[in-house]
>>> print(open('protein.txt').read())   # compact mmCIF, C-alpha atoms
# COMPACT_ATOMS: atom_id res chain seq x y z
CA MET A 6 83.55 48.22 17.25
CA LYS A 7 80.09 46.69 17.16
CA GLU A 8 81.60 43.45 15.85
CA LYS A 9 84.00 43.31 18.77
CA LEU A 10 81.24 43.90 21.28
CA LYS A 11 79.29 41.07 19.67
CA ILE A 12 82.18 38.65 20.14
CA PHE A 13 82.35 39.65 23.79
CA THR A 14 78.62 39.30 24.57
CA ASN A 15 78.36 36.10 22.53
CA GLY A 16 79.98 34.14 25.35
CA ILE A 17 77.81 35.68 28.03
CA PHE A 18 74.40 35.15 26.45
CA LYS A 19 73.92 33.60 23.04
CA GLU A 20 76.61 30.96 23.29
CA ASN A 21 76.95 30.71 27.03
CA PRO A 22 79.51 27.94 27.52
CA VAL A 23 77.65 26.22 30.36
CA LEU A 24 73.96 26.56 29.59
CA ILE A 25 74.00 26.57 25.79
CA LEU A 26 77.20 24.82 24.72
CA LEU A 27 77.10 22.52 27.79
CA LEU A 28 80.84 22.47 28.25
CA GLY A 29 82.65 22.05 31.53
CA CYS A 30 79.68 20.78 33.50
CA CYS A 31 81.72 18.79 36.03
CA SER A 32 83.19 21.84 37.71
CA VAL A 33 79.91 23.75 37.60
CA LEU A 34 78.13 20.96 39.47
CA ALA A 35 80.91 20.33 41.95
CA ILE A 36 82.01 23.85 42.83
CA SER A 37 78.63 25.63 42.95
CA VAL A 38 78.25 24.76 46.64
CA THR A 39 79.47 28.07 48.05
CA VAL A 40 79.31 31.47 46.40
CA SER A 41 82.88 32.39 47.29
CA GLY A 42 84.25 29.13 45.88
CA ALA A 43 82.21 29.57 42.71
CA LEU A 44 83.45 33.12 42.25
CA GLY A 45 87.06 31.99 42.70
CA MET A 46 86.61 29.13 40.24
CA GLY A 47 84.99 31.45 37.71
CA LEU A 48 87.80 34.00 37.93
CA ALA A 49 90.49 31.29 37.77
CA LEU A 50 88.90 29.83 34.66
CA THR A 51 88.47 33.27 33.08
CA PHE A 52 92.15 34.03 33.63
CA VAL A 53 93.24 30.71 32.09
CA LEU A 54 90.83 31.08 29.19
CA VAL A 55 91.91 34.63 28.33
CA CYS A 56 95.63 33.83 28.55
CA SER A 57 95.43 30.57 26.63
CA ASN A 58 93.23 32.13 23.94
CA VAL A 59 95.71 34.98 23.43
CA VAL A 60 98.78 32.73 23.33
CA ILE A 61 97.16 30.15 21.06
CA SER A 62 95.96 32.87 18.75
CA LEU A 63 99.51 34.27 18.57
CA LEU A 64 100.91 30.82 17.84
CA ARG A 65 98.18 29.70 15.47
CA LYS A 66 100.36 30.03 12.36
CA ILE A 67 103.30 28.22 13.96
CA ILE A 68 101.53 25.22 15.48
CA PRO A 69 101.39 22.35 12.96
CA ASP A 70 97.87 21.17 12.32
CA LYS A 71 98.51 17.52 13.16
CA VAL A 72 99.76 18.06 16.70
CA ARG A 73 97.62 21.06 17.56
CA ILE A 74 95.64 19.44 20.39
CA PRO A 75 98.74 18.44 22.42
CA CYS A 76 100.17 21.93 21.80
CA PHE A 77 96.97 23.53 23.07
CA ILE A 78 97.01 21.29 26.13
CA VAL A 79 100.58 22.29 26.98
CA VAL A 80 99.74 25.99 26.70
CA ILE A 81 96.62 25.57 28.82
CA ALA A 82 98.40 23.42 31.40
CA THR A 83 101.10 26.08 31.79
CA PHE A 84 98.57 28.73 32.75
CA VAL A 85 96.68 26.31 34.99
CA THR A 86 99.90 25.54 36.86
CA LEU A 87 100.48 29.28 37.28
CA VAL A 88 97.01 29.80 38.72
CA GLN A 89 97.42 26.74 40.91
CA MET A 90 100.62 28.10 42.43
CA ILE A 91 99.17 31.57 43.01
CA VAL A 92 96.03 30.20 44.66
CA GLU A 93 98.01 27.76 46.79
CA ALA A 94 100.33 30.51 47.98
CA PHE A 95 97.91 33.37 48.62
CA LEU A 96 94.40 31.92 48.93
CA PRO A 97 94.58 28.68 50.94
CA ASP A 98 90.83 28.75 51.70
CA LEU A 99 89.96 28.88 48.03
CA ASN A 100 92.48 26.13 47.37
CA ASN A 101 90.65 23.88 49.84
CA ALA A 102 87.26 24.72 48.34
CA LEU A 103 88.34 23.95 44.78
CA GLY A 104 90.49 20.90 45.55
CA VAL A 105 91.25 18.77 42.53
CA PHE A 106 88.98 20.86 40.30
CA LEU A 107 91.63 23.60 40.07
CA PRO A 108 94.19 21.46 38.20
CA LEU A 109 91.28 19.92 36.30
CA ILE A 110 90.78 23.21 34.43
CA VAL A 111 93.32 21.65 32.04
CA VAL A 112 90.74 19.19 30.81
CA ASN A 113 87.84 21.60 31.10
CA CYS A 114 86.11 21.42 27.74
CA ILE A 115 85.48 25.17 27.67
CA VAL A 116 89.18 26.05 27.49
CA LEU A 117 90.14 23.38 24.96
CA GLY A 118 86.92 23.91 23.03
CA ARG A 119 87.49 27.65 22.64
CA ALA A 120 91.13 27.08 21.66
CA GLU A 121 90.02 24.73 18.91
CA MET A 122 86.84 26.50 17.82
CA PHE A 123 87.91 30.12 18.11
CA ALA A 124 91.46 31.05 19.06
CA SER A 125 93.11 28.86 16.42
CA LYS A 126 91.14 30.63 13.70
CA HIS A 127 90.93 34.27 14.82
CA GLY A 128 93.17 37.22 15.62
CA VAL A 129 94.56 38.16 19.01
CA VAL A 130 92.07 40.89 19.93
CA ASP A 131 89.07 38.80 18.94
CA SER A 132 90.41 35.79 20.86
CA PHE A 133 91.00 37.94 23.93
CA LEU A 134 87.41 39.21 23.84
CA ASP A 135 86.05 35.73 23.22
CA GLY A 136 87.99 34.35 26.18
CA LEU A 137 86.80 37.16 28.42
CA GLY A 138 83.18 36.79 27.34
CA MET A 139 83.18 33.01 27.70
CA GLY A 140 84.91 33.20 31.07
CA LEU A 141 82.42 35.74 32.40
CA GLY A 142 79.53 33.71 31.00
CA TYR A 143 80.80 30.69 32.92
CA THR A 144 81.28 32.80 36.06
CA PHE A 145 77.73 34.18 35.91
CA VAL A 146 76.16 30.74 35.63
CA ILE A 147 78.28 29.06 38.30
CA VAL A 148 77.77 31.96 40.74
CA GLY A 149 74.04 32.02 39.96
CA ILE A 150 73.64 28.32 40.74
CA ALA A 151 75.85 28.70 43.81
CA VAL A 152 73.69 31.53 45.21
CA ILE A 153 70.61 29.28 45.08
CA ARG A 154 72.42 26.21 46.40
CA GLU A 155 74.16 27.98 49.25
CA LEU A 156 71.00 29.86 50.23
CA ILE A 157 68.74 26.80 50.28
CA GLY A 158 71.28 24.20 51.24
CA ASN A 159 73.22 26.06 53.89
CA GLY A 160 71.11 29.14 54.61
CA THR A 161 74.01 31.50 53.95
CA ILE A 162 75.45 33.68 51.21
CA PHE A 163 79.16 34.58 51.42
CA ASP A 164 78.98 32.94 54.88
CA GLN A 165 76.42 35.53 56.03
CA ARG A 166 73.47 33.72 57.61
CA ILE A 167 70.18 34.59 55.92
CA ILE A 168 67.93 31.62 56.64
CA PRO A 169 67.97 30.74 60.37
CA GLU A 170 69.80 27.60 61.49
CA GLY A 171 67.70 24.46 61.22
CA TYR A 172 65.58 25.57 58.27
CA GLN A 173 67.99 24.76 55.47
CA ILE A 174 67.56 21.81 53.11
CA GLY A 175 70.96 20.17 53.26
CA ILE A 176 70.58 17.91 50.26
CA ILE A 177 70.62 20.88 47.87
CA SER A 178 74.24 21.58 48.68
CA GLN A 179 75.15 17.90 48.34
CA THR A 180 75.65 15.91 45.15
CA PRO A 181 71.98 15.24 44.23
CA GLY A 182 71.20 18.93 44.64
CA GLY A 183 73.85 19.80 42.07
CA PHE A 184 72.29 17.62 39.39
CA MET A 185 68.82 18.78 40.35
CA MET A 186 69.57 22.52 40.30
CA PHE A 187 71.33 22.21 36.97
CA GLY A 188 68.34 20.31 35.59
CA PHE A 189 65.94 22.99 36.81
CA ALA A 190 68.12 25.78 35.41
CA MET A 191 68.15 24.03 32.05
CA ALA A 192 64.39 23.50 32.10
CA LEU A 193 63.83 27.18 32.95
CA LEU A 194 66.04 28.21 30.05
CA ILE A 195 64.18 25.94 27.64
CA TYR A 196 60.84 27.25 28.93
CA CYS A 197 61.89 30.87 28.39
CA LEU A 198 63.28 30.15 24.93
CA ASN A 199 60.15 28.23 23.91
CA LYS A 200 58.03 31.20 24.97
CA LYS A 201 60.09 33.35 22.65
CA GLY A 202 59.54 30.89 19.81
CA LYS A 203 63.04 29.44 19.86
CA LYS A 204 63.93 25.78 20.02
CA PHE A 205 66.77 24.52 22.12
CA GLU A 206 67.74 20.90 22.41
CA PRO A 207 70.64 20.58 24.80
CA ARG A 208 73.13 17.88 23.91
CA ILE A 209 75.77 17.23 26.45
CA GLY A 210 79.46 16.76 25.74
CA CYS A 211 78.98 15.82 22.09
CA ASP A 212 77.33 12.56 23.19
CA GLY A 213 80.26 11.70 25.38
CA LYS A 214 82.96 12.67 22.93
CA CYS A 215 84.23 15.09 25.49
CA GLY A 216 87.79 14.52 24.45
CA SER A 217 87.11 15.73 20.99
CA CYS A 218 84.88 18.62 21.92
CA THR A 219 85.70 20.49 18.77
CA ALA A 220 83.47 22.27 16.33
CA ASN A 221 80.23 20.91 14.93
CA CYS A 222 79.01 19.07 17.95
CA GLU A 223 77.91 21.76 20.32
CA SER A 224 74.22 22.36 20.89
CA ARG A 225 72.72 25.58 19.63
CA ILE A 226 69.55 27.59 19.89
CA THR A 227 67.48 27.29 16.75
CA ASP A 228 64.12 28.65 15.72
CA LEU A 229 61.11 26.42 16.26
CA PRO A 230 60.27 24.21 13.28
CA GLY A 231 57.98 25.92 10.81
CA GLN A 232 59.56 29.31 11.28
CA ASP A 233 62.91 28.35 9.99
CA GLU A 234 64.59 25.13 9.06
CA THR A 235 65.76 23.32 12.17
CA VAL A 236 69.42 22.62 12.34
CA GLU A 237 69.79 19.11 13.69
CA VAL A 238 72.86 19.35 15.82
CA LYS A 239 75.05 16.31 15.83
CA MET B 25 97.78 2.36 61.33
CA MET B 26 95.70 -0.16 59.47
CA SER B 27 97.24 -3.08 57.68
CA GLY B 28 97.89 -3.08 53.95
CA ALA B 29 95.06 -5.40 53.02
CA ALA B 30 92.52 -3.48 55.10
CA LYS B 31 93.56 -0.25 53.43
CA LEU B 32 93.15 -1.80 49.98
CA LEU B 33 89.67 -2.99 50.95
CA LEU B 34 88.82 0.48 52.24
CA ILE B 35 89.98 2.07 48.98
CA THR B 36 87.99 -0.46 46.97
CA PHE B 37 84.79 0.05 48.94
CA SER B 38 84.98 3.82 49.09
CA MET B 39 85.87 4.28 45.41
CA ILE B 40 82.98 2.09 44.26
CA PHE B 41 80.31 3.20 46.71
CA THR B 42 80.90 6.03 49.17
CA GLU B 43 83.24 8.18 47.08
CA ASN B 44 81.92 7.16 43.68
CA TYR B 45 83.56 9.42 41.11
CA VAL B 46 80.48 10.22 39.10
CA LEU B 47 77.64 10.21 41.57
CA VAL B 48 79.39 11.66 44.61
CA GLN B 49 82.40 13.61 43.37
CA PHE B 50 81.13 14.95 40.02
CA LEU B 51 84.06 13.69 37.98
CA GLY B 52 83.48 12.50 34.44
CA ILE B 53 79.96 13.89 34.06
CA CYS B 54 80.20 14.39 30.29
CA PRO B 55 80.69 10.72 29.37
CA PHE B 56 78.25 9.76 32.13
CA LEU B 57 75.44 11.78 30.58
CA GLY B 58 76.58 11.41 26.99
CA VAL B 59 77.19 7.69 26.63
CA SER B 60 74.65 6.21 29.04
CA LYS B 61 71.84 6.14 26.48
CA LYS B 62 72.45 2.50 25.53
CA LEU B 63 73.67 -0.40 27.60
CA ASP B 64 76.29 -1.65 25.16
CA SER B 65 77.90 1.75 24.71
CA SER B 66 77.92 2.11 28.50
CA LEU B 67 79.69 -1.22 28.79
CA GLY B 68 82.27 -0.26 26.15
CA MET B 69 82.96 3.10 27.73
CA SER B 70 83.24 1.58 31.22
CA GLY B 71 85.69 -1.02 29.95
CA ALA B 72 87.84 1.62 28.29
CA VAL B 73 87.79 3.85 31.38
CA ILE B 74 88.71 0.99 33.76
CA PHE B 75 91.54 -0.03 31.46
CA VAL B 76 92.98 3.47 31.00
CA MET B 77 92.53 4.51 34.63
CA THR B 78 94.40 1.46 35.94
CA LEU B 79 97.24 1.89 33.46
CA ALA B 80 97.43 5.65 33.97
CA SER B 81 97.56 5.26 37.76
CA ALA B 82 100.45 2.82 37.48
CA VAL B 83 102.42 4.81 34.90
CA THR B 84 101.99 8.24 36.49
CA TRP B 85 102.94 6.85 39.91
CA LEU B 86 106.16 5.44 38.45
CA VAL B 87 106.90 8.65 36.54
CA TYR B 88 106.25 10.76 39.62
CA THR B 89 108.30 8.66 42.04
CA PHE B 90 111.26 7.77 39.86
CA ILE B 91 111.57 10.76 37.54
CA MET B 92 109.83 13.82 38.91
CA VAL B 93 110.74 13.55 42.60
CA PRO B 94 114.51 12.99 42.04
CA LEU B 95 114.58 15.93 39.61
CA GLY B 96 112.50 18.17 41.89
CA LEU B 97 109.74 18.63 39.31
CA GLU B 98 106.74 17.91 41.56
CA TYR B 99 105.17 21.27 40.73
CA LEU B 100 104.81 20.28 37.08
CA ASP B 101 102.51 17.34 37.90
CA THR B 102 99.46 18.67 36.02
CA ILE B 103 101.34 19.24 32.75
CA ILE B 104 103.32 16.03 32.87
CA PHE B 105 100.38 13.83 33.85
CA ILE B 106 98.12 15.09 31.09
CA LEU B 107 100.87 14.49 28.53
CA VAL B 108 101.60 11.04 29.95
CA ILE B 109 97.90 10.17 29.77
CA ALA B 110 97.60 11.46 26.22
CA ALA B 111 100.64 9.50 25.09
CA LEU B 112 99.50 6.41 26.98
CA VAL B 113 96.06 6.43 25.39
CA GLN B 114 97.60 6.76 21.95
CA PHE B 115 100.05 3.95 22.70
CA VAL B 116 97.34 1.65 24.05
CA GLU B 117 95.26 2.29 20.96
CA ILE B 118 98.11 1.35 18.63
CA VAL B 119 99.02 -1.78 20.60
CA LEU B 120 95.44 -2.98 20.81
CA LYS B 121 94.89 -2.36 17.13
CA LYS B 122 97.91 -4.45 16.24
CA TYR B 123 97.78 -7.31 18.72
CA MET B 124 94.35 -7.54 20.35
CA ARG B 125 91.82 -6.99 17.63
CA GLY B 126 88.83 -8.19 19.68
CA LEU B 127 89.46 -5.82 22.53
CA TYR B 128 90.16 -3.00 20.09
CA ASP B 129 86.83 -3.51 18.36
CA ALA B 130 85.07 -3.37 21.71
CA LEU B 131 86.86 -0.36 23.21
CA GLY B 132 88.47 1.34 20.20
CA VAL B 133 85.99 4.12 19.54
CA TYR B 134 85.97 5.19 23.18
CA LEU B 135 89.72 5.34 23.72
CA PRO B 136 90.51 8.69 22.03
CA LEU B 137 87.68 10.29 24.00
CA ILE B 138 89.26 9.42 27.31
CA THR B 139 92.34 11.65 27.12
CA THR B 140 90.47 14.67 28.36
CA ASN B 141 88.09 12.78 30.62
CA CYS B 142 88.55 14.63 33.88
CA ALA B 143 88.12 11.48 35.96
CA VAL B 144 91.36 9.98 34.60
CA LEU B 145 93.48 13.04 35.35
CA ALA B 146 91.78 13.37 38.73
CA VAL B 147 92.60 9.82 39.80
CA THR B 148 96.29 10.29 39.01
CA LEU B 149 96.49 13.62 40.83
CA LEU B 150 94.59 12.31 43.86
CA ASN B 151 96.87 9.25 44.09
CA ILE B 152 99.82 11.57 44.58
CA GLU B 153 97.93 13.83 46.97
CA GLU B 154 96.94 10.86 49.16
CA ASN B 155 100.52 9.53 49.24
CA TYR B 156 99.44 6.10 48.05
CA ASN B 157 102.12 3.50 47.37
CA PHE B 158 102.30 1.72 44.02
CA LEU B 159 99.85 -1.07 44.80
CA GLU B 160 97.36 1.30 46.42
CA SER B 161 97.53 3.62 43.40
CA VAL B 162 96.80 0.80 41.00
CA VAL B 163 93.92 -0.47 43.12
CA ASP B 164 92.61 3.08 43.44
CA GLY B 165 92.67 3.53 39.66
CA LEU B 166 91.05 0.15 39.05
CA THR B 167 88.25 0.60 41.57
CA ALA B 168 87.58 4.22 40.61
CA GLY B 169 87.05 2.90 37.09
CA VAL B 170 84.78 0.13 38.38
CA GLY B 171 82.77 2.73 40.32
CA PHE B 172 82.47 4.82 37.17
CA GLY B 173 81.30 1.76 35.25
CA LEU B 174 78.77 0.83 37.92
CA ALA B 175 77.27 4.33 37.85
CA LEU B 176 77.19 4.36 34.06
CA ILE B 177 75.53 0.94 33.75
CA LEU B 178 72.99 1.63 36.50
CA PHE B 179 72.13 4.93 34.91
CA SER B 180 71.70 3.46 31.44
CA GLY B 181 68.95 1.30 32.97
CA VAL B 182 67.34 4.36 34.51
CA ARG B 183 67.44 6.14 31.16
CA LYS B 184 65.78 3.24 29.42
CA ALA B 185 62.80 3.64 31.75
CA LEU B 186 63.00 7.40 31.31
CA GLU B 187 62.45 7.13 27.58
CA ARG B 188 58.92 5.89 28.17
CA ALA B 189 58.13 8.63 30.68
CA LYS B 190 56.41 11.83 29.65
CA PRO B 191 57.79 14.79 31.60
CA PRO B 192 56.46 18.37 31.25
CA LYS B 193 57.55 19.95 27.98
CA PRO B 194 60.49 22.10 29.17
CA PHE B 195 61.91 19.14 31.05
CA GLU B 196 62.11 16.86 28.03
CA GLY B 197 65.56 15.60 27.12
CA LEU B 198 68.51 16.71 29.20
CA PRO B 199 66.75 18.39 32.18
CA ILE B 200 64.79 15.29 33.19
CA THR B 201 67.95 13.21 32.67
CA LEU B 202 69.77 15.46 35.13
CA ILE B 203 66.98 15.08 37.66
CA ALA B 204 67.06 11.30 37.22
CA ALA B 205 70.81 11.51 37.84
CA ALA B 206 70.06 13.43 41.04
CA LEU B 207 67.79 10.63 42.24
CA THR B 208 70.37 8.00 41.29
CA SER B 209 73.06 9.84 43.21
CA MET B 210 70.70 10.09 46.18
CA THR B 211 70.72 6.29 46.40
CA PHE B 212 74.50 6.39 46.69
CA MET B 213 74.21 8.76 49.64
CA GLY B 214 72.89 5.77 51.57
CA PHE B 215 76.44 4.37 51.67
CA VAL B 216 77.86 7.37 53.53
CA GLY B 217 79.72 6.33 56.65
CA ILE B 218 79.58 2.61 55.98
CA ALA B 219 83.21 2.39 54.90
CA ASP B 220 84.58 3.82 58.14
CA LYS B 221 82.41 1.54 60.25
CA LEU B 222 83.38 -1.54 58.26
CA PHE B 223 87.10 -1.04 57.94
CA GLY B 224 87.93 1.77 60.34
>>> encode(input="protein.txt", output="structure tokens")
Amino acid sequence: MKEKLKIFTNGIFKENPVLILLLGCCSVLAISVTVSGALGMGLALTFVLVCSNVVISLLRKIIPDKVRIPCFIVVIATFVTLVQMIVEAFLPDLNNALGVFLPLIVVNCIVLGRAEMFASKHGVVDSFLDGLGMGLGYTFVIVGIAVIRELIGNGTIFDQRIIPEGYQIGIISQTPGGFMMFGFAMALLIYCLNKKGKKFEPRIGCDGKCGSCTANCESRITDLPGQDETVEVK
Amino acid sequence: MMSGAAKLLLITFSMIFTENYVLVQFLGICPFLGVSKKLDSSLGMSGAVIFVMTLASAVTWLVYTFIMVPLGLEYLDTIIFILVIAALVQFVEIVLKKYMRGLYDALGVYLPLITTNCAVLAVTLLNIEENYNFLESVVDGLTAGVGFGLALILFSGVRKALERAKPPKPFEGLPITLIAAALTSMTFMGFVGIADKLFG
């Protein structure tokens, strides 16, 4: 039981897909403009991640090793198309907020990365919990950044005005603000980890090898040198 | 209704400057931050992206118009496009390896990484959404790639200067790079509205 809980919380804290593994940054930066959009994106991604993890885990003994990536992509794309249709039909506002980033969940490194790193090697229950944990971890971060960006940039949260009109700093909810807030969030994380005596060197997208975001190239938290040997992450 | 040439110019200008994929629309951030450390790798990656984006725009437009629309399969665009792009990248790699060794040596290592680059899938999906015709789609793909390359090359210069800077300890590495990216994207905000005034 404890093991299972660990798999679940792993995605939320220790291996948070956005802040620690640095996967799927495009959608985090682009969608974290409004809280409602961020929440919708987070839930859509969680749904796709859980479903694709379960199906890939069920099929892991059938899928031939050589063509596994295309197989994963087809499974993922199926669920993304499902979500796309549901959102288009029932939530037109959310559809407008997410735009092209909804179909782009297909190439979101988190989903493909978890399929390759976890679901293709573990059982169904574990993969389900991993997908749920990773999805919620992503949702927490994107909603957290969106709360700050919507509050400062637009003066509202869930379209409820909090800061009076005319006092908001518009650039925070525009493109530069996205990069900046993500940079500050990362710096805060590194500061907190350094205080605790941990070392964290974020490496984004496997040095650009986003397409092959498979095992062995994600960044990890390690202990500071001297306390333990530092794992140089490549 | 604007004329064909004016529309092509508008697409070109907005894709490179006002609607730049990386710095305005947040597409393709991973390669942007990952590869921009050195100028020559930025150049190689930009070349590969321009090449694949142009080809993918052309091929997916043809597939969509002549296969998917007659069969009523428009709702499968995400699945079919990603498979077409994956197959195309593989095909291009094989052809280049066999017949154009020079180009392969320059772009080869970056090609397999492009399949899941979100900018490539985005350009093909947006072409369909905008109802572009064939020529407009190809120009859109080409100029989106050029815009990506421009951002990447500009930013590799910024990063070179950044290496000599000494930020506060927690900001070292990726955080200060992200903040530099924020400042770079701020410069591109200066282009907002120009396109409509020029060609509108």
>>> closest_residue(input="protein.txt", among="B:Pro191, B:Gly197, B:Gly165, B:Pro55", to="chain A", atoms="only C-alpha atoms")
B:Pro55
>>> closest_residue(input="protein.txt", among="A:Ile17, A:Val88, A:Val152, A:Met191", to="chain B", atoms="all atoms listed in the file")
A:Met191
>>> atom_distance(input="protein.txt", atom1="atom CA of B:Met39", atom2="atom CA of B:Val163")
9.6 Å
>>> axis_aligned_box(input="protein.txt", around="stretch 130-134 of chain B", padding_each_side="4 Å", output="lines of an AutoDock Vina configuration file")
center_x = 86.8
center_y = 0.9
center_z = 21.4
size_x = 11.4
size_y = 16.6
size_z = 11.7
>>> closest_residue(input="protein.txt", among="B:Asn157, B:Asn44, B:Ser65, B:Thr208", to="B:Leu131", atoms="all atoms listed in the file")
B:Ser65
>>> closest_residue(input="protein.txt", among="A:Ile81, A:Leu99, A:Leu44, A:Leu109", to="A:Asn58", atoms="only C-alpha atoms")
A:Ile81
>>> residues_near_point(input="protein.txt", point="(76.6, 12.6, 42.9)", cutoff="10 Å", atoms="all atoms listed in the file", output="PyMOL selection string")
(chain A and resi 34-35+179-184) or (chain B and resi 43-51+53+175+205-213)
>>> interface_residues(input="protein.txt", of="chain A", to="chain B", cutoff="9 Å", atoms="only C-alpha atoms", output="number ranges by chain")
A: 28-32, 34-35, 75, 78-79, 81-83, 85-86, 90, 105-106, 108-114, 176, 179-197, 199, 206-217
>>> closest_residue(input="protein.txt", among="A:Ser132, A:Gln165, A:Thr144, A:Ser37", to="A:Ile12", atoms="all atoms listed in the file")
A:Ser132
>>> residues_around(input="protein.txt", residues="B:Val83", least_positions_apart="6", cutoff="9 Å", atoms="all atoms listed in the file", output="mmCIF file with C-alpha atoms, in the frame of the given file")
data_model
loop_
_atom_site.group_PDB
_atom_site.id
_atom_site.type_symbol
_atom_site.label_atom_id
_atom_site.label_comp_id
_atom_site.auth_asym_id
_atom_site.auth_seq_id
_atom_site.Cartn_x
_atom_site.Cartn_y
_atom_site.Cartn_z
ATOM 1 C CA VAL B 108 101.600 11.040 29.950
ATOM 2 C CA ILE B 109 97.900 10.170 29.770
ATOM 3 C CA LEU B 112 99.500 6.410 26.980
#
>>> residues_near_point(input="protein.txt", point="(80.1, -2.0, 38.7)", cutoff="12 Å", atoms="all atoms listed in the file", output="list in words")
Thr36, Phe37, Met39, Ile40, Phe41, Asn44, Ser66, Leu67, Ser70, Gly71, Ile74, Leu166, Thr167, Ala168, Gly169, Val170, Gly171, Phe172, Gly173, Leu174, Ala175, Leu176, Ile177, Leu178 and Phe179 of chain B
